[in-house]
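**Student:** The structure is given below, and queries will be raised subsequently.
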Amino acid sequence: MTSTDPQAALGADFRTAMRNIASAVYLVTARGAEGDAGMTATAACSLSFDPLSVLVCVNRSASFFQILEETGQFVLNVLSRDDAGIAQAFGSPAGRAERFGAGDWYDLHAMPALRTSLSSLACRVADAKDFGTHRIFMGEVMDVHNRDGLDELLYCQGAFRALHPTPVL
């Protein structure tokens, strides 16, 4: 990347590097006073096995941020390849009703969970930390629902993808 502004060049190079990382795709959902809400995310991962916990990074300017702050709990849905359309809908500026209009939803600890996801983890926010534009939410896992026979959904280089079915090694 060539630029006269070293910070701008570094930022562009960083974005390219992050786009090159294949990431699992998640749908983070919650139920607030105004109804169900959610957002597509790739910035989530396991945190600890003692206590069982995950972390989710949410931009503080996202509409979902306030709901997560108010409710203090969320479901981390690990999306399957069949959920690509839902991931795209939740990543767009569509309204809440349109987002939850598709998909097979059920209640998990009184929050919306997606029945076609690989896993749904109900979590309560145990701690949070601000960094840059985001808040890192640490969620203690209250319940896990896993589903067999589904293929994972990945996001890499600006597109949804799937793993090749044959392991490399």
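Identifiers for the structure tokens are assigned positionally: chains receive A, B, ... in sequence, residues are indexed from 1 per chain, and ligands are indexed from 1 in the order shown.
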Which residues are close to Glu140 (chain A), i.e. within 12 Å by only C-alpha atoms, leaving aside same-chain residues fewer than 5 positions away? Reply as a PyMOL selection string.
**Tutor:** chain A and resi 46-56+72-76+121-128
**Student:** List the spatial neighbours of His145 (chain A) as a count of residues only - criterion: any atom at most 12 Å away, only C-alpha atoms, same-chain residues fewer than 4 positions off excluded.
**Tutor:** 20
**Student:** Residues at most 12 Å from Cys156 (chain A), counting only C-alpha atoms, excluding those fewer than 4 positions away in the same chain, as a list of chain:residue names?
**Tutor:**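 Using only C-alpha atoms, the neighbours found are A:Arg15, A:Thr16, A:Ala17, A:Met18, A:Arg19, A:Asn20, A:Ile21, A:Ala22, A:Ser23, A:Ala24, A:Val25, A:Thr42, A:Phe160, A:Arg161, A:Ala162, A:Leu163.
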**Student:** Take the selection from the previous step and output its residues with N, CA and C atoms, as a tab-separated table (two decimals), in the first residue's frame.
**Tutor:**
```
chain	number	residue	atom	x	y	z
A	15	ARG	N	-6.64	-3.42	7.66
A	15	ARG	CA	-7.94	-3.91	7.19
A	15	ARG	C	-7.76	-5.08	6.23
A	16	THR	N	-6.81	-4.97	5.32
A	16	THR	CA	-6.55	-6.06	4.38
A	16	THR	C	-6.11	-7.32	5.12
A	17	ALA	N	-5.22	-7.17	6.09
A	17	ALA	CA	-4.75	-8.32	6.87
A	17	ALA	C	-5.91	-8.98	7.60
A	18	MET	N	-6.80	-8.20	8.20
A	18	MET	CA	-7.92	-8.77	8.94
A	18	MET	C	-8.92	-9.45	8.00
A	19	ARG	N	-9.09	-8.92	6.79
A	19	ARG	CA	-9.98	-9.54	5.80
A	19	ARG	C	-9.44	-10.89	5.34
A	20	ASN	N	-8.13	-11.10	5.47
A	20	ASN	CA	-7.50	-12.36	5.05
A	20	ASN	C	-7.63	-13.47	6.09
A	21	ILE	N	-8.13	-13.15	7.27
A	21	ILE	CA	-8.30	-14.16	8.32
A	21	ILE	C	-9.69	-14.78	8.18
A	22	ALA	N	-9.72	-16.08	7.95
A	22	ALA	CA	-11.00	-16.78	7.89
A	22	ALA	C	-11.55	-16.88	9.31
A	23	SER	N	-12.76	-16.38	9.50
A	23	SER	CA	-13.38	-16.34	10.83
A	23	SER	C	-14.72	-17.05	10.82
A	24	ALA	N	-15.05	-17.67	11.94
A	24	ALA	CA	-16.40	-18.19	12.11
A	24	ALA	C	-17.35	-17.00	12.10
A	25	VAL	N	-18.60	-17.25	11.73
A	25	VAL	CA	-19.61	-16.20	11.71
A	25	VAL	C	-20.62	-16.49	12.82
A	42	THR	N	-18.04	-11.41	13.71
A	42	THR	CA	-16.92	-12.34	13.55
A	42	THR	C	-15.94	-12.18	14.71
A	160	PHE	N	-18.84	-14.78	2.38
A	160	PHE	CA	-19.13	-15.97	3.18
A	160	PHE	C	-18.53	-17.17	2.45
A	161	ARG	N	-17.97	-18.10	3.22
A	161	ARG	CA	-17.32	-19.27	2.64
A	161	ARG	C	-17.56	-20.48	3.53
A	162	ALA	N	-17.15	-21.65	3.05
A	162	ALA	CA	-17.23	-22.88	3.84
A	162	ALA	C	-15.90	-23.60	3.72
A	163	LEU	N	-15.61	-24.42	4.71
A	163	LEU	CA	-14.39	-25.23	4.66
A	163	LEU	C	-14.54	-26.31	3.60
```
**Student:** Closest to Asp148 (chain A) among A:Lys129, A:Ser80, A:Ser63, A:His134, using only C-alpha atoms?
**Tutor:**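 Among A:Lys129, A:Ser80, A:Ser63, A:His134, it is A:Ser80 that comes nearest to Asp148 (chain A).
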**Student:** Which residues are close to Phe65 (chain A), i.e. within 12 Å by only C-alpha atoms, leaving aside same-chain residues fewer than 6 positions away? Reply as a PyMOL selection string.
**Tutor:** chain A and resi 28-30+32+37-39+56-59+71-74+128+133-137
**Student:** Quick check for you: according to DSSP on this backbone, which residues of chain A are classed as alpha helix (DSSP H)? Reply as a ChimeraX atom specification.
**Tutor:** /A:6-19,63-71,84-90,96-100
**Student:** Given only C-alpha atoms as the basis, pick out the residue of A:Arg81, A:Leu10, A:Ala33, A:Ala89 nearest to Gln66 (chain A).
**Tutor:**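 For Gln66 (chain A), the nearest of the candidates is A:Ala33.
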**Student:** Which value, in Å to one decimal, gives the distance between CA of Leu153 (chain A) and CA of Ala44 (chain A)?
**Tutor:**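 CA of Ala44 (chain A) lies at a distance of 13.9 Å from CA of Leu153 (chain A).
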